[in-house]
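Colleague: I have a structure I would like to understand better, so I am pasting it below and will then ask my questions one at a time.
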2 protein chains.
Amino acid sequence: MRALPKGGSTAELEPLVSNLTLEDIAKKAGVSRSTVSRVVNEHPNVRPEVRSRVWEVIRRTGYHPNAAARTLASQRSWMIGLVLPRSVSFFFTDPYYPHLTQGIAQACNQYNYTLSLFIVGTEDDEEKIFPRISRRGLLDGILLQSAEHGDRLIDRLVELNTPLLIVGRPFQSNGISYIDIDNVKAAHRAVSHLIQLGYKRIGTITGPNSSTAGLDRKTGYLKALEEHGHAIDQSLIVEGDFTEESGYAGMQHLFAAHPDAVFAASDIMAIGAMRAVQEAGLRIPEDIAFVGFDDLPLTIHGQPLLTTVHQPVLEFGAKAVETLIDLIENGIEPARRVIMDTELIVRSSCGASQKRQ
Amino acid sequence: MRALPKGGSTAELEPLVSNLTLEDIAKKAGVSRSTVSRVVNEHPNVRPEVRSRVWEVIRRTGYHPNAAARTLASQRSWMIGLVLPRSVSFFFTDPYYPHLTQGIAQACNQYNYTLSLFIVGTEDDEEKIFPRISRRGLLDGILLQSAEHGDRLIDRLVELNTPLLIVGRPFQSNGISYIDIDNVKAAHRAVSHLIQLGYKRIGTITGPNSSTAGLDRKTGYLKALEEHGHAIDQSLIVEGDFTEESGYAGMQHLFAAHPDAVFAASDIMAIGAMRAVQEAGLRIPEDIAFVGFDDLPLTIHGQPLLTTVHQPVLEFGAKAVETLIDLIENGIEPARRVIMDTELIVRSSCGASQKRQ
DNA sequence: CTCAATGTTGGGAGCGCTCCCAATAAGTCG
DNA sequence: CGACTTATTGGGAGCGCTCCCAACATTGAG
C-alpha cells in the first residue's frame, strides 16, 4: 500500500497537495472510483448532490489526477511537440521563431494541450531527441518547423505515423500536411507596390535558396517584375540568410547595381541593409526605398519606419495548433493544406507618403 | 487484443514503427517481458547473446517503449517544465528569454529530459495552465523564471511539493532553491570600470524596481560609486523596464543631468539610449560612454561595439537544469543556491581603447 | 400496478510498463 | 563431487487511471 495521510480522518486540515488516488477520493466521498472519475471528467449522469460532494472532497484534499495513468488508460496524452530542426538553429538571431513559439504556446493553453519543445542543436542532439519524440504515448501530435532542403528529419518523423504538421511548406509535400503563408503572393504584393510607386530598379535580398520561404518570396518578386514588364537583372538579386549581417553584406553588393528600391525578404535583413545605406550617407526612401517582410514587433526602433509585409505570427501559430488537433482527432488523411494571408503595411521606408503628396 | 502486425511471422519486412509492447517483443525473441525490459534499460545481468538477440528484434520491429506506462510504473517522467510567468510576457522584446530557453533546452537534451514549456500570457492562461503543471506524474521538476514582485505563482508552485528551481533570485527566498548570476557584483564591476576610466558623472538606466535583477544591478551601481567616493546623484538614475524604448526614453531624461557615461542594465536598453545619443548629435564614447549588460549575440549590429557584462546564458541554462536534476534525485532539502559569475567584456563604447592610447 | 425506458452507480478488465522475488542455471571452492 | 555462491531468467503484483457493462434506482406511460 502506498503511504496515505496518517489517520485518514476527515479532519478539515489536510495537505493541500497530496498523493491521493481516485480510489482514495472515492472512499472519502463514499462513492466509487468510477463516479469520481465521472465528476473529474465532467461526464453527465452524476446526481448533482453527489457531484458537489465529490468536488468538495477533491478541493479539500488538493487531489490532482495522475497524468501518466490517464494517458496510459486513454491513449491520449494531450501533449504536442514542437520540433525545431538543426537548420533553424539560428533560432535566436531572428525574432520570428520566438514569436511563433509564443503563438503556438498560447494556442496550446487555449486548447488544453501541453507543449513540449525539442530544439535540435547538433546532429548528436537529433539522435538523442529522436527516440524521445518517437516514444509512443508521449505526444499526440507533432509540429515541425520546415527545414532546409535535404533535412532528413521530416522523413523520419513521417514514418512515426503520429499526426504531423509541417510549419512552412516543405520541399516535398506529397501526402504531408503543412501550414504556410502565401509567400509568393505576399512578395508579389510588396514588389508591385514599389513598382506602382514608380521605382525602376528594384533589387532584392532574398532568403536562403535552401528554404522554401526564401524561394517563394523570390518567385513573388520575379513574378511582379515580369507582370509589369520590368526586365530581370541578376545583379539586382542577392541571396541572404535572414540575418542582419547578410542584409548588410547583401546591400554592399547591391550598391554596384544602383537600385532605387530594395525588397528584403525579412525585416532583420532590411535593417542590416538600411544600416549599410545610412552608413553610405544615402537617404531612405529618397535615394533607396525599402520594403521588408515579417512585421514583428521589433526590439529595435528608430527611423525610418519600415514598410513591410505583415505576417500574422500569433494567429499562424494558433491555426497550426488547431490544424494539428484536427489531424489528431479526425485522422491524418487527407493531408491538410492551410495557407494564410498576409497584409502589406505601408509606412515611410517605401516613400509612399512623399510620392502621394 | 490490440492489433498486431498481420501474420506475426518473423519476416524481415515489418513496420518501422509499430504498436508492439514489451510482451510482443519478448514473444518474438523467445524470452520474458522482464528480460526485454532489462535489455531496453541497459541493466546488467543479461547474457550478451540474449541481449543482442533482443536488440535485433527491437531494431527490426521499430519498437519504442511507451512513455506513459513507464512513467506510471516508475513514478518518473523524465520531463521538466519551464514556466514563464505573466510578468515576463515581454518574453520576446528581449532576446534574453529565447536564449535562456535555448540553453535550457540543450541541457535537457544532454540529460535526456524532455522540456515542456508553459508560457503564461494572461490571468486566464494561468488558471488553465496551473492544473496541467500540478498534475502528478507529468513533471519531475519545474523551472520557474523569477517574476515580478507580488506574483503569486511562486507560492502556488511551492505548495506542489514538486522539485522547483527559481531562475533568478526571487523576492522571498526562504527555503526556496534558486539560481542567479551575481548581479550586484557584475554591475559593481561595470561601473568601477567606468570610474577607473575617469568618468565623473556616471548615470544609469536601471531595470524595473519590481524585479530583483533590476534592483541588484542598481545596488551594484550605487556600491561602486560609494566605494570610490562618488556622490549619488538621483538625477543620474532613471528606471527602465528592459525595453529598447525605455532605454531611449531614459536617456532623454538623463541628458538634463549631463552624464559623461551611462551604465544600462541591459544591452537592449543601451541600444535605445545610444540611439537617443546619436540622434542628439553626440558621439559615443567621446561625449557619453556606455556599458551595457547581457552580451547576447545581438540581432542588430553596428557601431560602436558595446562594452558590456557577459552573461553566460547557455551555461546558466545548463546549470539550472543540472541543479533541478540534483533536486529531483537528491531531495529538495536543503534549498540550493547557485550564483554564477559574469565577465566584463571591454569593447569600444566605454572609451577604454581611446583612453589607453 | 406493471413494464419499459432512462438515469445512476459500482466494479472488472485492461493500458504497458517497472520492480521485486522466487526459481533455475551456472560457477566456485575446499 | 557436493554445498554454496552468484548470474540469469520468469512471472506476479502493482502504478492510477478509463472504459465498458451489468446492476440497481427512478420515472412515467399505459
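Identifiers in this document derive from the order of the C-alpha cells: chains are assigned A, B, ..., residues are numbered from 1 separately in each chain, and ligands are numbered from 1 in order of occurrence.
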Could you list, as a ChimeraX atom specification, every residue within 8 Å of A:Leu20, counting only C-alpha atoms (C1' of nucleotides) and ignoring same-chain residues fewer than 3 positions away?
Modeller: /A:4,23-25,63-64
Colleague: Produce a file of the selected residues containing N, CA and C atoms, as a PDB file, in the first residue's frame.
Modeller:
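Final output, saved to again_36.pdb:
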ATOM      1  N   LEU A   4      -0.564   6.647   2.879  1.00  0.00           N
ATOM      2  CA  LEU A   4      -1.735   7.523   2.902  1.00  0.00           C
ATOM      3  C   LEU A   4      -1.545   8.502   4.043  1.00  0.00           C
ATOM      4  N   GLU A  23      -9.307   6.329  -6.063  1.00  0.00           N
ATOM      5  CA  GLU A  23      -9.894   5.397  -5.114  1.00  0.00           C
ATOM      6  C   GLU A  23      -9.988   6.033  -3.720  1.00  0.00           C
ATOM      7  N   ASP A  24      -8.933   6.764  -3.352  1.00  0.00           N
ATOM      8  CA  ASP A  24      -8.926   7.416  -2.045  1.00  0.00           C
ATOM      9  C   ASP A  24     -10.039   8.451  -1.949  1.00  0.00           C
ATOM     10  N   ILE A  25     -10.159   9.205  -3.005  1.00  0.00           N
ATOM     11  CA  ILE A  25     -11.190  10.231  -3.026  1.00  0.00           C
ATOM     12  C   ILE A  25     -12.558   9.558  -2.950  1.00  0.00           C
ATOM     13  N   TYR A  63      -6.564  17.092  -4.508  1.00  0.00           N
ATOM     14  CA  TYR A  63      -6.327  15.976  -5.434  1.00  0.00           C
ATOM     15  C   TYR A  63      -6.121  16.460  -6.868  1.00  0.00           C
ATOM     16  N   HIS A  64      -5.133  15.876  -7.529  1.00  0.00           N
ATOM     17  CA  HIS A  64      -4.954  16.106  -8.966  1.00  0.00           C
ATOM     18  C   HIS A  64      -4.778  14.753  -9.633  1.00  0.00           C
TER      19      HIS A  64
END
Colleague: Any chance you could list, as a VMD selection string, the residues in stretch 209-284 of chain B that come up alpha helix (DSSP H) when DSSP is run on the backbone?
Modeller: chain B and resid 212 to 227 244 to 254 267 to 279
Colleague: Convert the current residue selection to file output with N, CA and C atoms, as a compact mmCIF listing (two decimals), in the first residue's frame.
Modeller:
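Final output, part.txt:
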# COMPACT_ATOMS: atom_id res chain seq x y z
N THR B 212 14.16 41.60 -9.12
CA THR B 212 15.38 41.55 -8.33
C THR B 212 16.59 41.87 -9.20
N ALA B 213 16.54 41.50 -10.47
CA ALA B 213 17.67 41.80 -11.36
C ALA B 213 17.84 43.32 -11.47
N GLY B 214 16.73 44.02 -11.65
CA GLY B 214 16.78 45.47 -11.74
C GLY B 214 17.35 46.07 -10.46
N LEU B 215 16.84 45.61 -9.35
CA LEU B 215 17.25 46.12 -8.04
C LEU B 215 18.73 45.84 -7.77
N ASP B 216 19.14 44.60 -8.01
CA ASP B 216 20.51 44.21 -7.69
C ASP B 216 21.53 44.96 -8.54
N ARG B 217 21.18 45.16 -9.80
CA ARG B 217 22.13 45.88 -10.66
C ARG B 217 22.24 47.33 -10.22
N LYS B 218 21.13 47.88 -9.75
CA LYS B 218 21.19 49.25 -9.23
C LYS B 218 22.06 49.29 -7.98
N THR B 219 21.89 48.29 -7.13
CA THR B 219 22.69 48.22 -5.90
C THR B 219 24.18 48.19 -6.24
N GLY B 220 24.54 47.41 -7.25
CA GLY B 220 25.95 47.32 -7.65
C GLY B 220 26.46 48.68 -8.13
N TYR B 221 25.61 49.39 -8.85
CA TYR B 221 25.96 50.73 -9.34
C TYR B 221 26.23 51.67 -8.17
N LEU B 222 25.29 51.65 -7.21
CA LEU B 222 25.41 52.54 -6.05
C LEU B 222 26.67 52.20 -5.24
N LYS B 223 26.88 50.91 -5.06
CA LYS B 223 28.00 50.45 -4.26
C LYS B 223 29.34 50.90 -4.88
N ALA B 224 29.42 50.79 -6.20
CA ALA B 224 30.66 51.17 -6.87
C ALA B 224 30.92 52.67 -6.69
N LEU B 225 29.88 53.46 -6.85
CA LEU B 225 30.05 54.91 -6.69
C LEU B 225 30.51 55.23 -5.28
N GLU B 226 29.81 54.64 -4.31
CA GLU B 226 30.14 54.92 -2.91
C GLU B 226 31.58 54.53 -2.59
N GLU B 227 31.93 53.33 -3.01
CA GLU B 227 33.28 52.85 -2.72
C GLU B 227 34.37 53.77 -3.25
N GLU B 244 13.81 48.52 -25.36
CA GLU B 244 14.59 49.49 -26.11
C GLU B 244 13.99 50.89 -25.93
N GLU B 245 12.67 50.97 -25.98
CA GLU B 245 12.01 52.27 -25.82
C GLU B 245 12.35 52.89 -24.49
N SER B 246 12.36 52.06 -23.44
CA SER B 246 12.62 52.63 -22.13
C SER B 246 14.07 53.11 -22.03
N GLY B 247 14.96 52.50 -22.81
CA GLY B 247 16.34 52.98 -22.85
C GLY B 247 16.40 54.33 -23.53
N TYR B 248 15.66 54.43 -24.63
CA TYR B 248 15.61 55.68 -25.39
C TYR B 248 15.03 56.80 -24.52
N ALA B 249 13.89 56.49 -23.91
CA ALA B 249 13.22 57.48 -23.07
C ALA B 249 14.07 57.84 -21.86
N GLY B 250 14.69 56.82 -21.28
CA GLY B 250 15.53 57.06 -20.11
C GLY B 250 16.66 58.02 -20.43
N MET B 251 17.24 57.85 -21.60
CA MET B 251 18.36 58.71 -21.99
C MET B 251 17.89 60.15 -22.16
N GLN B 252 16.69 60.30 -22.69
CA GLN B 252 16.15 61.66 -22.84
C GLN B 252 16.11 62.37 -21.50
N HIS B 253 15.74 61.61 -20.47
CA HIS B 253 15.72 62.20 -19.13
C HIS B 253 17.12 62.50 -18.62
N LEU B 254 18.04 61.57 -18.91
CA LEU B 254 19.40 61.72 -18.36
C LEU B 254 20.14 62.94 -18.92
N ASP B 267 21.49 45.30 -22.52
CA ASP B 267 22.00 45.75 -23.81
C ASP B 267 20.93 46.42 -24.64
N ILE B 268 19.74 45.86 -24.57
CA ILE B 268 18.65 46.42 -25.36
C ILE B 268 18.36 47.86 -24.94
N MET B 269 18.40 48.09 -23.63
CA MET B 269 18.20 49.47 -23.17
C MET B 269 19.38 50.34 -23.59
N ALA B 270 20.58 49.77 -23.57
CA ALA B 270 21.76 50.53 -24.00
C ALA B 270 21.60 50.95 -25.46
N ILE B 271 21.08 50.03 -26.27
CA ILE B 271 20.89 50.35 -27.68
C ILE B 271 19.90 51.50 -27.86
N GLY B 272 18.82 51.44 -27.10
CA GLY B 272 17.83 52.53 -27.15
C GLY B 272 18.46 53.85 -26.72
N ALA B 273 19.23 53.79 -25.66
CA ALA B 273 19.85 55.00 -25.13
C ALA B 273 20.88 55.56 -26.12
N MET B 274 21.65 54.68 -26.73
CA MET B 274 22.65 55.14 -27.70
C MET B 274 21.99 55.75 -28.92
N ARG B 275 20.82 55.19 -29.26
CA ARG B 275 20.09 55.79 -30.38
C ARG B 275 19.74 57.24 -30.05
N ALA B 276 19.30 57.46 -28.81
CA ALA B 276 18.95 58.82 -28.38
C ALA B 276 20.18 59.72 -28.45
N VAL B 277 21.32 59.19 -28.02
CA VAL B 277 22.55 59.99 -28.02
C VAL B 277 22.95 60.36 -29.44
N GLN B 278 22.86 59.36 -30.33
CA GLN B 278 23.26 59.63 -31.71
C GLN B 278 22.31 60.61 -32.38
N GLU B 279 21.02 60.47 -32.08
CA GLU B 279 20.06 61.42 -32.65
C GLU B 279 20.32 62.83 -32.17
Colleague: Give me, as a list in words, all polymer residues having an atom no more than 6 Å from A:Ala265, counting only C-alpha atoms (C1' of nucleotides) and skipping those fewer than 2 positions away in the same chain.
Modeller: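 In the requested format, the answer is Thr206, Gly207 and Phe293 of chain A.
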Colleague: When you look at stretch 6-19 of chain C with a cut-off of 7 Å (counting only C-alpha atoms (C1' of nucleotides)), what residues show up, excluding the ones that are within fewer than 5 positions of it in the same chain? I need them as a PyMOL selection string.
Modeller: (chain A and resi 32+45-46+72-73) or (chain B and resi 21+66+69-70+73-74)
Colleague: Store the residues of this selection in a file with N, CA and C atoms, as a PDB file, in the first residue's frame.
Modeller:
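Output contents, as saved in selection.pdb:
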ATOM      1  N   SER A  32     -17.937   5.399  -5.632  1.00  0.00           N
ATOM      2  CA  SER A  32     -16.968   4.512  -6.272  1.00  0.00           C
ATOM      3  C   SER A  32     -15.977   5.318  -7.100  1.00  0.00           C
ATOM      4  N   ASN A  45     -24.702  12.481 -16.039  1.00  0.00           N
ATOM      5  CA  ASN A  45     -25.190  11.311 -15.324  1.00  0.00           C
ATOM      6  C   ASN A  45     -24.509  11.074 -13.970  1.00  0.00           C
ATOM      7  N   VAL A  46     -24.373  12.142 -13.251  1.00  0.00           N
ATOM      8  CA  VAL A  46     -23.999  12.025 -11.845  1.00  0.00           C
ATOM      9  C   VAL A  46     -24.965  12.949 -11.114  1.00  0.00           C
ATOM     10  N   LEU A  72      -2.038   6.560 -20.109  1.00  0.00           N
ATOM     11  CA  LEU A  72      -1.931   5.132 -20.381  1.00  0.00           C
ATOM     12  C   LEU A  72      -3.301   4.516 -20.636  1.00  0.00           C
ATOM     13  N   ALA A  73      -4.246   4.888 -19.816  1.00  0.00           N
ATOM     14  CA  ALA A  73      -5.572   4.280 -19.941  1.00  0.00           C
ATOM     15  C   ALA A  73      -6.332   4.804 -21.151  1.00  0.00           C
TER      16      ALA A  73
ATOM     17  N   THR B  21       4.276  -4.161 -27.850  1.00  0.00           N
ATOM     18  CA  THR B  21       4.566  -3.975 -26.438  1.00  0.00           C
ATOM     19  C   THR B  21       5.774  -4.820 -26.062  1.00  0.00           C
ATOM     20  N   ASN B  66       6.574   2.540 -24.320  1.00  0.00           N
ATOM     21  CA  ASN B  66       5.508   3.507 -24.110  1.00  0.00           C
ATOM     22  C   ASN B  66       5.821   4.402 -22.913  1.00  0.00           C
ATOM     23  N   ALA B  69       3.318   4.416 -19.817  1.00  0.00           N
ATOM     24  CA  ALA B  69       3.393   3.208 -18.991  1.00  0.00           C
ATOM     25  C   ALA B  69       4.651   3.234 -18.127  1.00  0.00           C
ATOM     26  N   ARG B  70       5.730   3.654 -18.725  1.00  0.00           N
ATOM     27  CA  ARG B  70       6.980   3.789 -17.987  1.00  0.00           C
ATOM     28  C   ARG B  70       6.835   4.744 -16.829  1.00  0.00           C
ATOM     29  N   ALA B  73       4.654   3.345 -14.047  1.00  0.00           N
ATOM     30  CA  ALA B  73       5.251   2.277 -13.255  1.00  0.00           C
ATOM     31  C   ALA B  73       6.451   2.759 -12.443  1.00  0.00           C
ATOM     32  N   SER B  74       7.200   3.683 -13.014  1.00  0.00           N
ATOM     33  CA  SER B  74       8.434   4.070 -12.330  1.00  0.00           C
ATOM     34  C   SER B  74       8.290   5.359 -11.527  1.00  0.00           C
TER      35      SER B  74
END
Colleague: When distances are computed from only C-alpha atoms, which of A:Ala318, A:Leu153, A:Val191, A:Leu282 shows the smallest separation from A:Ala105?
Modeller: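 When distances to A:Ala105 are compared using only C-alpha atoms, the smallest one comes from A:Ala318.
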Colleague: Which neighbours of C:DG30 fall inside 12 Å, counting only C-alpha atoms (C1' of nucleotides), when residues of the same chain fewer than 4 positions from it are skipped, and could you give them as number ranges by chain?
Modeller: D: 1-4
Colleague: Would you write out those residues with N, CA and C atoms (P, O5', C5', C4', C3', O3' and C1' of nucleotides), as a PDB file, in the first residue's frame?
Modeller:
ATOM      1  P    DC D   1      32.091 -36.797  -9.888  1.00  0.00           P
ATOM      2  O5'  DC D   1      32.632 -36.432  -8.419  1.00  0.00           O
ATOM      3  C5'  DC D   1      32.274 -37.245  -7.314  1.00  0.00           C
ATOM      4  C4'  DC D   1      31.680 -36.378  -6.238  1.00  0.00           C
ATOM      5  C3'  DC D   1      30.313 -35.782  -6.587  1.00  0.00           C
ATOM      6  O3'  DC D   1      29.524 -35.798  -5.387  1.00  0.00           O
ATOM      7  C1'  DC D   1      31.789 -34.015  -6.121  1.00  0.00           C
ATOM      8  P    DG D   2      27.939 -35.788  -5.448  1.00  0.00           P
ATOM      9  O5'  DG D   2      27.596 -34.839  -4.219  1.00  0.00           O
ATOM     10  C5'  DG D   2      28.154 -35.108  -2.939  1.00  0.00           C
ATOM     11  C4'  DG D   2      28.240 -33.828  -2.144  1.00  0.00           C
ATOM     12  C3'  DG D   2      26.909 -33.072  -2.064  1.00  0.00           C
ATOM     13  O3'  DG D   2      26.797 -32.531  -0.758  1.00  0.00           O
ATOM     14  C1'  DG D   2      28.555 -31.681  -3.067  1.00  0.00           C
ATOM     15  P    DA D   3      25.395 -31.982  -0.230  1.00  0.00           P
ATOM     16  O5'  DA D   3      25.769 -30.522   0.252  1.00  0.00           O
ATOM     17  C5'  DA D   3      26.887 -30.337   1.122  1.00  0.00           C
ATOM     18  C4'  DA D   3      27.319 -28.890   1.044  1.00  0.00           C
ATOM     19  C3'  DA D   3      26.162 -27.885   1.184  1.00  0.00           C
ATOM     20  O3'  DA D   3      26.583 -26.852   2.065  1.00  0.00           O
ATOM     21  C1'  DA D   3      27.339 -27.472  -0.822  1.00  0.00           C
ATOM     22  P    DC D   4      25.569 -25.709   2.605  1.00  0.00           P
ATOM     23  O5'  DC D   4      26.233 -24.370   2.026  1.00  0.00           O
ATOM     24  C5'  DC D   4      27.336 -24.533   1.184  1.00  0.00           C
ATOM     25  C4'  DC D   4      27.819 -23.240   0.608  1.00  0.00           C
ATOM     26  C3'  DC D   4      26.864 -22.026   0.642  1.00  0.00           C
ATOM     27  O3'  DC D   4      27.651 -20.845   0.747  1.00  0.00           O
ATOM     28  C1'  DC D   4      27.260 -22.653  -1.601  1.00  0.00           C
TER      29       DC D   4
END
Colleague: Could you write out as a PyMOL selection string the residues of chain A within 7 Å of chain B, counting only C-alpha atoms?
Modeller: chain A and resi 17+64-69+71-72+92-94+98-99+105+109+115-117+119+125+128-129+135-138+159-160+244+299-300
Colleague: Those same residues, written as a compact mmCIF listing (two decimals), in the first residue's frame with N, CA and C atoms?
Modeller:
# COMPACT_ATOMS: atom_id res chain seq x y z
N VAL A 17 -1.62 19.57 -1.33
CA VAL A 17 -1.34 18.76 -2.50
C VAL A 17 -0.88 17.40 -1.99
N HIS A 64 -5.13 15.88 -7.53
CA HIS A 64 -4.95 16.11 -8.97
C HIS A 64 -4.78 14.75 -9.63
N PRO A 65 -5.52 14.49 -10.69
CA PRO A 65 -5.39 13.18 -11.35
C PRO A 65 -3.98 12.97 -11.87
N ASN A 66 -3.57 11.75 -11.92
CA ASN A 66 -2.24 11.42 -12.39
C ASN A 66 -2.20 11.37 -13.92
N ALA A 67 -1.32 12.21 -14.47
CA ALA A 67 -1.28 12.36 -15.92
C ALA A 67 -0.88 11.07 -16.63
N ALA A 68 0.11 10.39 -16.08
CA ALA A 68 0.62 9.19 -16.75
C ALA A 68 -0.46 8.11 -16.78
N ALA A 69 -1.15 7.95 -15.67
CA ALA A 69 -2.19 6.92 -15.62
C ALA A 69 -3.29 7.23 -16.62
N THR A 71 -3.03 9.01 -19.35
CA THR A 71 -2.52 8.82 -20.70
C THR A 71 -2.50 7.34 -21.06
N LEU A 72 -2.04 6.56 -20.11
CA LEU A 72 -1.93 5.13 -20.38
C LEU A 72 -3.30 4.52 -20.64
N PHE A 92 17.62 32.13 -32.76
CA PHE A 92 17.54 33.28 -31.88
C PHE A 92 18.16 34.52 -32.47
N THR A 93 18.60 34.39 -33.71
CA THR A 93 19.07 35.59 -34.36
C THR A 93 17.90 36.24 -35.08
N ASP A 94 16.82 35.51 -35.17
CA ASP A 94 15.64 36.05 -35.84
C ASP A 94 14.46 35.95 -34.88
N PRO A 98 10.95 32.83 -31.87
CA PRO A 98 10.36 33.03 -30.55
C PRO A 98 8.90 33.45 -30.63
N HIS A 99 8.60 34.32 -31.57
CA HIS A 99 7.21 34.77 -31.69
C HIS A 99 6.29 33.62 -32.06
N ALA A 105 2.39 28.31 -28.16
CA ALA A 105 2.20 28.05 -26.73
C ALA A 105 0.85 28.58 -26.27
N ASN A 109 -2.41 26.46 -24.69
CA ASN A 109 -3.13 26.78 -23.45
C ASN A 109 -4.63 26.78 -23.71
N LEU A 115 2.62 21.78 -24.26
CA LEU A 115 3.57 21.88 -25.36
C LEU A 115 4.94 21.41 -24.91
N SER A 116 5.54 20.50 -25.66
CA SER A 116 6.93 20.22 -25.33
C SER A 116 7.82 20.63 -26.49
N LEU A 117 8.99 21.10 -26.12
CA LEU A 117 9.86 21.79 -27.06
C LEU A 117 11.09 20.94 -27.33
N ILE A 119 14.41 21.37 -29.33
CA ILE A 119 15.30 22.20 -30.14
C ILE A 119 16.50 21.35 -30.52
N ASP A 125 22.37 15.86 -30.90
CA ASP A 125 21.07 16.19 -30.31
C ASP A 125 19.98 15.41 -31.00
N LYS A 128 19.69 12.00 -29.91
CA LYS A 128 19.22 11.88 -28.53
C LYS A 128 17.74 12.21 -28.44
N ILE A 129 17.33 13.20 -29.23
CA ILE A 129 15.96 13.67 -29.16
C ILE A 129 15.00 12.69 -29.84
N ARG A 135 8.85 7.93 -28.81
CA ARG A 135 8.25 7.12 -27.77
C ARG A 135 6.74 7.22 -27.86
N ARG A 136 6.10 6.09 -27.97
CA ARG A 136 4.66 6.13 -28.03
C ARG A 136 4.10 6.59 -26.68
N GLY A 137 2.94 7.19 -26.75
CA GLY A 137 2.31 7.60 -25.51
C GLY A 137 2.78 8.94 -24.99
N LEU A 138 3.79 9.52 -25.66
CA LEU A 138 4.25 10.81 -25.17
C LEU A 138 3.53 11.95 -25.86
N GLU A 159 7.51 8.75 -40.79
CA GLU A 159 7.48 7.31 -40.55
C GLU A 159 6.82 6.93 -39.22
N LEU A 160 6.79 7.89 -38.32
CA LEU A 160 6.27 7.62 -36.99
C LEU A 160 4.77 7.35 -36.97
N GLU A 244 20.90 39.76 -39.95
CA GLU A 244 21.16 41.17 -40.14
C GLU A 244 22.43 41.38 -40.95
N THR A 299 12.54 44.71 -31.59
CA THR A 299 13.13 45.16 -30.34
C THR A 299 13.85 46.49 -30.55
N ILE A 300 14.13 46.78 -31.79
CA ILE A 300 14.89 47.98 -32.08
C ILE A 300 14.02 48.95 -32.87
Colleague: Restrict the calculation to only C-alpha atoms (C1' of nucleotides), then for each residue of chain D with any atom at most 10 Å from an atom of chain A give the closest atom pair and their distance in Å to one decimal, rows by chain and rising residue number, as a Markdown table.
Modeller:
| residue | atom | partner | partner_atom | distance |
| --- | --- | --- | --- | --- |
| D:DG14 | C1' | A:Met1 | CA | 9.5 |
| D:DC15 | C1' | A:Ala69 | CA | 7.6 |
| D:DG16 | C1' | A:Ala69 | CA | 5.0 |
| D:DC17 | C1' | A:Ala69 | CA | 4.5 |
| D:DT18 | C1' | A:Ala73 | CA | 5.2 |
| D:DC19 | C1' | A:Ser74 | CA | 8.5 |
Colleague: Would you work out the distance separating atom CA of A:Leu144 from atom CA of A:Pro170, expressed in Å to one decimal?
Modeller: 9.9 Å
Colleague: At most 9 Å is the cut-off: for each residue in chain D with any atom that close to an atom of stretch 24-27 of chain C, write down the nearest atom pair and the distance in Å rounded to one decimal, counting only C-alpha atoms (C1' of nucleotides), chain first then increasing number, as JSON lines.
Modeller:
{"residue": "D:DT5", "atom": "C1'", "partner": "C:DG27", "partner_atom": "C1'", "distance": 8.1}
{"residue": "D:DT6", "atom": "C1'", "partner": "C:DG27", "partner_atom": "C1'", "distance": 7.5}
{"residue": "D:DA7", "atom": "C1'", "partner": "C:DA26", "partner_atom": "C1'", "distance": 7.2}
{"residue": "D:DT8", "atom": "C1'", "partner": "C:DA25", "partner_atom": "C1'", "distance": 7.2}
{"residue": "D:DT9", "atom": "C1'", "partner": "C:DT24", "partner_atom": "C1'", "distance": 7.7}
Colleague: Where does DSSP see strand (DSSP E or B) in stretch 157-344 of chain A, if you list the residues as a ChimeraX atom specification?
Modeller: /A:164-167,177-181,202-206,237-239,261-264,289-294,307-310,337-340,343-344
